[in-house]
Amino acid sequence: MEAERLILRKLKKNDAYDIYRNIFHDKKVLQTFLGRYATTFDTFDFDGMLAFFEKKIFSYGIELKENHACIGIVFENQHDDENIEIGYALSSKYWNRGYMSEALGAVLKELMKKDEGYVFSAAAFKENIGSWRVMEKCGMKYSHTVKDEIEWQGKAHDVVYYEIRKGDQ
């Protein structure tokens, strides 16, 4: 799938170093993305991550067209009969440039073409206002907040949920 500046595609073995460097070795990303920090490339379990994503309805690497680097991921975080929750992470080097809004927007557009009846949702820690903005730019509306839903890095976090239904765009 293509967006203006991005290609969203299945993750490949040769993405291992980019995913390590841009997500799992980026402490800024891991402040709000629930992933285990990898101190070195040798400690990063890329095969385990691929196996995890292969069990999902969808998962995409976010490739930057200009240099073909894999700068992030968008994936089905969880789903049930009525809801598909989308998760995502983007290298902090690429924040505030519209890449995540572009990627999430493309994924939502594709999902809405084929998955009628679902509510598509995404969530972020309450303090992660940048992630709220991504969801809002993609047409998602605030749904609810769950107080102290996730314990992460020694702190309880409120989680803010946004959602969109087919036809809302």
# chains A, B, ... in the order shown; residues from 1 in each chain; ligands from 1

$ residues_around --residues "segment 128-131 of chain A" --least-positions-apart "3" --cutoff "12 Å" --atoms "only C-alpha atoms" --output "MDAnalysis selection string"
chainID A and resid 28:33 87:90 92 95:101 104 122:125 134:138 140 157:162

$ residues_around --residues "Ile73 of chain A" --least-positions-apart "2" --cutoff "10 Å" --atoms "only C-alpha atoms" --output "list in words"
Leu8, Arg9, Lys10, Leu11, Ile19, Asn22, Ile23, Ser59, Tyr60, Gly61, Ile62, Glu63, Cys70, Ile71, Phe75, Gly87, Tyr88, Ala89, Leu90, Ser91, Met100, Ala103 and Leu104 of chain A

$ select_by_dssp --residues "chain A" --states "strand (DSSP E)" --output "MDAnalysis selection string"
chainID A and resid 6:9 59:64 70:79 83:90 119:125 141:152 155:165

$ atom_distance --atom1 "atom CA of Arg5 of chain A" --atom2 "atom CA of Glu102 of chain A"
8.1 Å

$ closest_residue --among "A:Ser121, A:Asn83, A:Asp18, A:Glu127" --to "His144 of chain A" --atoms "only C-alpha atoms"
A:Ser121

$ closest_residue --among "A:Tyr20, A:Tyr118, A:Tyr94, A:Phe58" --to "Gly35 of chain A" --atoms "only C-alpha atoms"
A:Tyr20

$ closest_residue --among "A:Lys65, A:Lys13, A:Lys155, A:Lys114" --to "Gly48 of chain A" --atoms "only C-alpha atoms"
A:Lys13

$ atom_distance --atom1 "atom CA of Trp152 of chain A" --atom2 "atom CA of Leu34 of chain A"
7.6 Å

$ closest_residue --among "A:Ile164, A:Val146, A:Glu4, A:Gln153" --to "Glu66 of chain A" --atoms "only C-alpha atoms"
A:Glu4

$ atom_distance --atom1 "atom CA of Ile84 of chain A" --atom2 "atom CA of Ala3 of chain A"
21.3 Å
